[in-house]
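Undergrad: Here it is: the structure, laid out below.
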Amino acid sequence: MPSSSSSSSMFPQAGSVTVCEINRHLITAPSLSDDEAKETYGKILGTVFSPIPYQLDHPSPAAVCWHQKKDILAFVSARNQVTVGDYGEGKDPCILINDLQREVKLVQWRPNAGKTLSVACKGGICIWTASYPGNTACLRPGLTSRGTSDVRWTLVDFLRSHDNEQITALSWSPDGRYVASASYESSSFTIWDVAQGVGTPIRRGLGSISLLKWSPTGDYFFAAKFDGTFYLWETNTWTSEPWSSTSGCVTGAAWDPDGRMILVAFSESLTLGSIHFATKPPSLDAHLLPVELPELNSLTNSGGIDKMAWDASGERLAVSYKDGNELYNGLIAIYDVKRATLITPSFIGFIRGPGDDIKPLTFSFHDKYKQGPLLSVCWSSGICITYPLVIRSHLSA
């Protein structure tokens, strides 16, 4: 149960901070503290996720990503650096820096590859791997670089983009063999065979890509452009169907756990779209259904969705929105999601970060825990906070 200094409410009062969710109740406290975390979710999960501070020296939003199977969090913490926090080992966060790693935009863990992290930056993709005593990570032959990093991590590869392009979108195939990358400067996106270090351009003329998302089964691939159009691809023959939006550009997209539906958010609408495939792969026959979020319309006075995350179990949805009225500005809306023929979100409440006039720069789910997902948020106040959303508090870890 919450401690005496904690409270539960759909709306976190100004001056309070959100600690966690316990069975559809969002718990708040007067201030951030590990003691508060221990009293609320710590007793259930058996661990506390301490906040990680970072620098605010770059204008682009930080990107944050959880390892699929381990309690390791990586996020863009400065213009040229990435911070890795390993909660499983309980060690201090480490900083990944290298002269090849410039203008970092995104981070993503490689599936089925131990502790291997990809970093999208200017000129290509940095591939980092954890090193252990007696088991030093192997570098690709010919890779030379200068720079310093934590001894626990080694830059093992650098996939060079065409014409030194800035990589702005990244997505791994679920088997970890391929990584897709794109640049708003390029007229195509690239599928990399990482073991070979070879990239294959796909579809000349498909430029200005803002977002890539491989489906969990690997059968489908989603690509969105800055102009509001997006494409659904099937990966057997790499054919596609174009879609267009009248609600602005795509600001977020997330596949359901089965890979047969994708949820999409738009910059000029508070209604999500769910795209359902009518038949099995490789068919691209699909239809779009609206997913209403009436609380955002009635409470926030916002004009559109800024970012969206959906946890891999499909049970929790997090949404941030542009501007909005002063009372609700800078909060994150949390929804309980039911999946049947239709997607049905049920509003739980808002998450408030620490500080005045702050906003969420980016957020991401980790779904390793039986009790429910973790939501990590990089706030504009320069701190990354993890919020356990405890759904099944009676289960052990």
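A note on labels: chains of the structure tokens are A, B, ... as shown, every chain counts residues from 1, and ligands are counted from 1 in their shown order.
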What's the 8 Å shell around Thr229 (chain A), counting only C-alpha atoms, without same-chain residues fewer than 4 positions away, as a list in words?
TA: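 What passes the distance filter is Ala224, Lys225, Pro242, Trp243, Ser244, Ser245, Cys249 and Val250 of chain A.
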Undergrad: Write a file of the selected residues as a tab-separated table (two decimals), in the first residue's frame, keeping all heavy atoms.
TA:
chain	number	residue	atom	x	y	z
A	224	ALA	N	7.03	5.68	-42.13
A	224	ALA	CA	6.29	6.94	-42.19
A	224	ALA	C	7.19	8.05	-42.69
A	224	ALA	O	8.39	8.09	-42.38
A	224	ALA	CB	5.73	7.29	-40.81
A	225	LYS	N	6.60	8.99	-43.44
A	225	LYS	CA	7.35	10.13	-43.96
A	225	LYS	C	6.91	11.41	-43.24
A	225	LYS	O	5.84	11.48	-42.64
A	225	LYS	CB	7.10	10.27	-45.46
A	225	LYS	CG	7.62	9.09	-46.28
A	225	LYS	CD	7.25	9.21	-47.76
A	225	LYS	CE	7.88	10.44	-48.39
A	225	LYS	NZ	7.64	10.49	-49.85
A	242	PRO	N	0.82	2.40	-50.20
A	242	PRO	CA	0.90	3.73	-49.60
A	242	PRO	C	-0.41	4.13	-48.92
A	242	PRO	O	-1.48	3.74	-49.37
A	242	PRO	CB	1.18	4.63	-50.80
A	242	PRO	CG	0.54	3.93	-51.96
A	242	PRO	CD	0.64	2.46	-51.66
A	243	TRP	N	-0.31	4.86	-47.84
A	243	TRP	CA	-1.45	5.42	-47.12
A	243	TRP	C	-1.20	6.91	-46.95
A	243	TRP	O	-0.06	7.37	-46.92
A	243	TRP	CB	-1.61	4.77	-45.75
A	243	TRP	CG	-1.98	3.32	-45.76
A	243	TRP	CD1	-1.22	2.29	-46.24
A	243	TRP	CD2	-3.18	2.75	-45.26
A	243	TRP	NE1	-1.88	1.10	-46.07
A	243	TRP	CE2	-3.08	1.34	-45.46
A	243	TRP	CE3	-4.32	3.26	-44.65
A	243	TRP	CZ2	-4.09	0.47	-45.09
A	243	TRP	CZ3	-5.32	2.38	-44.27
A	243	TRP	CH2	-5.20	1.00	-44.49
A	244	SER	N	-2.29	7.66	-46.83
A	244	SER	CA	-2.13	9.10	-46.60
A	244	SER	C	-2.99	9.51	-45.42
A	244	SER	O	-4.01	8.89	-45.12
A	244	SER	CB	-2.53	9.91	-47.84
A	244	SER	OG	-3.86	9.65	-48.20
A	245	SER	N	-2.57	10.57	-44.74
A	245	SER	CA	-3.26	11.05	-43.55
A	245	SER	C	-3.75	12.48	-43.76
A	245	SER	O	-3.06	13.30	-44.36
A	245	SER	CB	-2.31	11.00	-42.35
A	245	SER	OG	-2.78	11.80	-41.30
A	249	CYS	N	1.30	14.55	-39.68
A	249	CYS	CA	2.28	13.49	-39.86
A	249	CYS	C	2.19	12.47	-38.72
A	249	CYS	O	1.61	12.73	-37.67
A	249	CYS	CB	3.69	14.07	-39.94
A	249	CYS	SG	4.23	14.93	-38.45
A	250	VAL	N	2.75	11.29	-38.96
A	250	VAL	CA	2.77	10.24	-37.95
A	250	VAL	C	3.77	10.60	-36.86
A	250	VAL	O	4.94	10.88	-37.14
A	250	VAL	CB	3.16	8.88	-38.59
A	250	VAL	CG1	3.36	7.82	-37.52
A	250	VAL	CG2	2.09	8.45	-39.59
Undergrad: Can you list, as a ChimeraX atom specification, every protein, DNA or RNA residue that comes within 9 Å of Asn23 (chain A) when you count only C-alpha atoms, leaving out same-chain residues fewer than 3 positions away?
TA: /A:26,389-393
Undergrad: Taking 4 positions as the minimum chain separation for residues in the same chain, which residues sit within 6 Å of Val82 (chain A) when counting only C-alpha atoms? Answer as a PDB file with all heavy atoms, in the first residue's frame.
TA:
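Listing of selection-v3.pdb after writing:
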ATOM      1  N   PHE A  75      19.705   5.488 -23.199  1.00  0.00           N
ATOM      2  CA  PHE A  75      19.060   6.682 -23.746  1.00  0.00           C
ATOM      3  C   PHE A  75      20.094   7.695 -24.208  1.00  0.00           C
ATOM      4  O   PHE A  75      21.246   7.689 -23.770  1.00  0.00           O
ATOM      5  CB  PHE A  75      18.092   7.310 -22.735  1.00  0.00           C
ATOM      6  CG  PHE A  75      18.716   7.798 -21.451  1.00  0.00           C
ATOM      7  CD1 PHE A  75      19.118   9.115 -21.313  1.00  0.00           C
ATOM      8  CD2 PHE A  75      18.885   6.941 -20.376  1.00  0.00           C
ATOM      9  CE1 PHE A  75      19.672   9.575 -20.129  1.00  0.00           C
ATOM     10  CE2 PHE A  75      19.434   7.387 -19.190  1.00  0.00           C
ATOM     11  CZ  PHE A  75      19.832   8.711 -19.064  1.00  0.00           C
ATOM     12  N   VAL A  76      19.675   8.551 -25.134  1.00  0.00           N
ATOM     13  CA  VAL A  76      20.531   9.615 -25.647  1.00  0.00           C
ATOM     14  C   VAL A  76      20.621  10.683 -24.574  1.00  0.00           C
ATOM     15  O   VAL A  76      19.627  11.323 -24.233  1.00  0.00           O
ATOM     16  CB  VAL A  76      19.970  10.206 -26.953  1.00  0.00           C
ATOM     17  CG1 VAL A  76      20.902  11.285 -27.485  1.00  0.00           C
ATOM     18  CG2 VAL A  76      19.759   9.107 -27.991  1.00  0.00           C
ATOM     19  N   SER A  77      21.814  10.872 -24.020  1.00  0.00           N
ATOM     20  CA  SER A  77      21.962  11.748 -22.858  1.00  0.00           C
ATOM     21  C   SER A  77      22.699  13.040 -23.174  1.00  0.00           C
ATOM     22  O   SER A  77      22.780  13.924 -22.319  1.00  0.00           O
ATOM     23  CB  SER A  77      22.688  10.999 -21.735  1.00  0.00           C
ATOM     24  OG  SER A  77      23.888  10.403 -22.202  1.00  0.00           O
ATOM     25  N   ILE A  95      28.716   5.812 -19.632  1.00  0.00           N
ATOM     26  CA  ILE A  95      28.556   6.714 -20.776  1.00  0.00           C
ATOM     27  C   ILE A  95      29.303   6.134 -21.974  1.00  0.00           C
ATOM     28  O   ILE A  95      30.481   5.789 -21.865  1.00  0.00           O
ATOM     29  CB  ILE A  95      29.114   8.122 -20.453  1.00  0.00           C
ATOM     30  CG1 ILE A  95      28.523   8.652 -19.149  1.00  0.00           C
ATOM     31  CG2 ILE A  95      28.834   9.073 -21.609  1.00  0.00           C
ATOM     32  CD1 ILE A  95      27.046   8.881 -19.184  1.00  0.00           C
ATOM     33  N   LEU A  96      28.617   6.039 -23.118  1.00  0.00           N
ATOM     34  CA  LEU A  96      29.245   5.556 -24.352  1.00  0.00           C
ATOM     35  C   LEU A  96      29.588   6.755 -25.235  1.00  0.00           C
ATOM     36  O   LEU A  96      28.701   7.506 -25.652  1.00  0.00           O
ATOM     37  CB  LEU A  96      28.306   4.611 -25.105  1.00  0.00           C
ATOM     38  CG  LEU A  96      27.739   3.412 -24.328  1.00  0.00           C
ATOM     39  CD1 LEU A  96      26.963   2.496 -25.261  1.00  0.00           C
ATOM     40  CD2 LEU A  96      28.840   2.654 -23.612  1.00  0.00           C
TER      41      LEU A  96
END
Undergrad: Could you pull the residues within 10 Å of region 279-294 of chain A, counting only C-alpha atoms, minus those fewer than 5 positions along the same chain, as an mmCIF file with N, CA and C atoms, in the first residue's frame?
TA:
data_model
loop_
_atom_site.group_PDB
_atom_site.id
_atom_site.type_symbol
_atom_site.label_atom_id
_atom_site.label_comp_id
_atom_site.auth_asym_id
_atom_site.auth_seq_id
_atom_site.Cartn_x
_atom_site.Cartn_y
_atom_site.Cartn_z
ATOM 1 N N ASP A 219 6.931 -10.187 -40.531
ATOM 2 C CA ASP A 219 6.223 -10.267 -41.812
ATOM 3 C C ASP A 219 5.961 -8.900 -42.437
ATOM 4 N N TYR A 220 5.796 -7.895 -41.575
ATOM 5 C CA TYR A 220 5.420 -6.566 -42.055
ATOM 6 C C TYR A 220 6.395 -5.501 -41.565
ATOM 7 N N LEU A 232 2.875 0.575 -45.730
ATOM 8 C CA LEU A 232 2.908 -0.761 -45.155
ATOM 9 C C LEU A 232 3.597 -1.683 -46.159
ATOM 10 N N TRP A 233 4.647 -2.342 -45.696
ATOM 11 C CA TRP A 233 5.407 -3.259 -46.541
ATOM 12 C C TRP A 233 5.213 -4.682 -46.048
ATOM 13 N N GLU A 234 5.248 -5.643 -46.992
ATOM 14 C CA GLU A 234 5.413 -7.032 -46.576
ATOM 15 C C GLU A 234 6.839 -7.424 -46.953
ATOM 16 N N THR A 235 7.498 -8.161 -46.068
ATOM 17 C CA THR A 235 8.938 -8.360 -46.201
ATOM 18 C C THR A 235 9.313 -9.613 -46.989
ATOM 19 N N ASN A 236 8.308 -10.314 -47.546
ATOM 20 C CA ASN A 236 8.617 -11.478 -48.373
ATOM 21 C C ASN A 236 9.163 -11.038 -49.730
ATOM 22 N N THR A 237 8.474 -10.095 -50.359
ATOM 23 C CA THR A 237 8.919 -9.589 -51.670
ATOM 24 C C THR A 237 9.250 -8.097 -51.623
ATOM 25 N N TRP A 238 9.092 -7.481 -50.454
ATOM 26 C CA TRP A 238 9.293 -6.040 -50.277
ATOM 27 C C TRP A 238 8.443 -5.232 -51.260
ATOM 28 N N THR A 239 7.156 -5.539 -51.229
ATOM 29 C CA THR A 239 6.175 -4.693 -51.913
ATOM 30 C C THR A 239 5.411 -3.902 -50.859
ATOM 31 N N SER A 240 4.772 -2.812 -51.282
ATOM 32 C CA SER A 240 4.174 -1.907 -50.298
ATOM 33 C C SER A 240 2.860 -1.326 -50.791
ATOM 34 N N GLU A 241 2.106 -0.816 -49.832
ATOM 35 C CA GLU A 241 0.893 -0.055 -50.107
ATOM 36 C C GLU A 241 1.030 1.310 -49.438
ATOM 37 N N TRP A 243 -0.305 4.858 -47.840
ATOM 38 C CA TRP A 243 -1.455 5.416 -47.123
ATOM 39 C C TRP A 243 -1.203 6.911 -46.949
ATOM 40 N N ARG A 260 -0.363 -8.312 -36.156
ATOM 41 C CA ARG A 260 -1.443 -8.265 -37.151
ATOM 42 C C ARG A 260 -2.175 -6.933 -37.150
ATOM 43 N N MET A 261 -1.712 -6.009 -36.351
ATOM 44 C CA MET A 261 -2.344 -4.689 -36.264
ATOM 45 C C MET A 261 -1.297 -3.690 -35.791
ATOM 46 N N ILE A 262 -1.371 -2.464 -36.292
ATOM 47 C CA ILE A 262 -0.459 -1.422 -35.842
ATOM 48 C C ILE A 262 -1.265 -0.187 -35.429
ATOM 49 N N LEU A 263 -0.912 0.371 -34.287
ATOM 50 C CA LEU A 263 -1.566 1.562 -33.751
ATOM 51 C C LEU A 263 -0.735 2.780 -34.141
ATOM 52 N N VAL A 264 -1.394 3.811 -34.672
ATOM 53 C CA VAL A 264 -0.691 4.969 -35.227
ATOM 54 C C VAL A 264 -1.237 6.259 -34.630
ATOM 55 N N ALA A 265 -0.326 7.185 -34.267
ATOM 56 C CA ALA A 265 -0.704 8.496 -33.736
ATOM 57 C C ALA A 265 -0.331 9.580 -34.748
ATOM 58 N N LEU A 270 -6.287 13.960 -31.879
ATOM 59 C CA LEU A 270 -6.244 13.232 -30.613
ATOM 60 C C LEU A 270 -6.922 11.870 -30.743
ATOM 61 N N THR A 271 -7.206 11.470 -31.970
ATOM 62 C CA THR A 271 -7.737 10.141 -32.257
ATOM 63 C C THR A 271 -6.642 9.293 -32.894
ATOM 64 N N LEU A 272 -6.407 8.113 -32.345
ATOM 65 C CA LEU A 272 -5.436 7.195 -32.928
ATOM 66 C C LEU A 272 -6.081 6.429 -34.070
ATOM 67 N N GLY A 273 -5.246 5.813 -34.901
ATOM 68 C CA GLY A 273 -5.738 4.927 -35.939
ATOM 69 C C GLY A 273 -5.176 3.532 -35.721
ATOM 70 N N SER A 274 -6.027 2.504 -35.846
ATOM 71 C CA SER A 274 -5.544 1.121 -35.775
ATOM 72 C C SER A 274 -5.725 0.481 -37.145
ATOM 73 N N LEU A 299 -10.261 17.176 -21.658
ATOM 74 C CA LEU A 299 -9.469 17.742 -20.555
ATOM 75 C C LEU A 299 -8.321 18.644 -21.001
ATOM 76 N N VAL A 319 0.557 8.242 -23.765
ATOM 77 C CA VAL A 319 0.398 9.255 -24.805
ATOM 78 C C VAL A 319 0.759 10.627 -24.243
ATOM 79 N N ALA A 333 -0.614 10.822 -20.464
ATOM 80 C CA ALA A 333 -1.846 10.084 -20.207
ATOM 81 C C ALA A 333 -1.589 8.586 -20.288
ATOM 82 N N TYR A 335 -3.322 4.678 -20.320
ATOM 83 C CA TYR A 335 -4.547 3.939 -20.622
ATOM 84 C C TYR A 335 -4.353 2.445 -20.410
ATOM 85 N N LEU A 342 -11.721 -4.963 -31.749
ATOM 86 C CA LEU A 342 -11.367 -3.551 -31.706
ATOM 87 C C LEU A 342 -10.408 -3.287 -30.553
ATOM 88 N N ILE A 343 -9.661 -2.196 -30.667
ATOM 89 C CA ILE A 343 -8.791 -1.733 -29.593
ATOM 90 C C ILE A 343 -9.605 -0.794 -28.703
ATOM 91 N N THR A 344 -9.661 -1.094 -27.409
ATOM 92 C CA THR A 344 -10.472 -0.288 -26.496
ATOM 93 C C THR A 344 -9.609 0.244 -25.347
ATOM 94 N N PRO A 345 -9.198 1.522 -25.413
ATOM 95 C CA PRO A 345 -8.431 2.101 -24.308
ATOM 96 C C PRO A 345 -9.356 2.619 -23.205
ATOM 97 N N SER A 346 -8.961 2.401 -21.966
ATOM 98 C CA SER A 346 -9.693 2.898 -20.806
ATOM 99 C C SER A 346 -8.766 3.805 -20.006
ATOM 100 N N PHE A 347 -9.168 5.048 -19.810
ATOM 101 C CA PHE A 347 -8.308 6.056 -19.187
ATOM 102 C C PHE A 347 -8.047 5.725 -17.712
#
Undergrad: Could you name the residues that touch Ala195 (chain A) at 12 Å or less, counting only C-alpha atoms, but leaving out those on the same chain fewer than 6 positions away, as a count of residues only?
TA: 12
Undergrad: Which one of A:Cys94, A:Ala182, A:Ile202, A:Pro354 sits closest to Ser33 (chain A) if you count only C-alpha atoms?
TA: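 Closest residue, counting only C-alpha atoms: A:Pro354.
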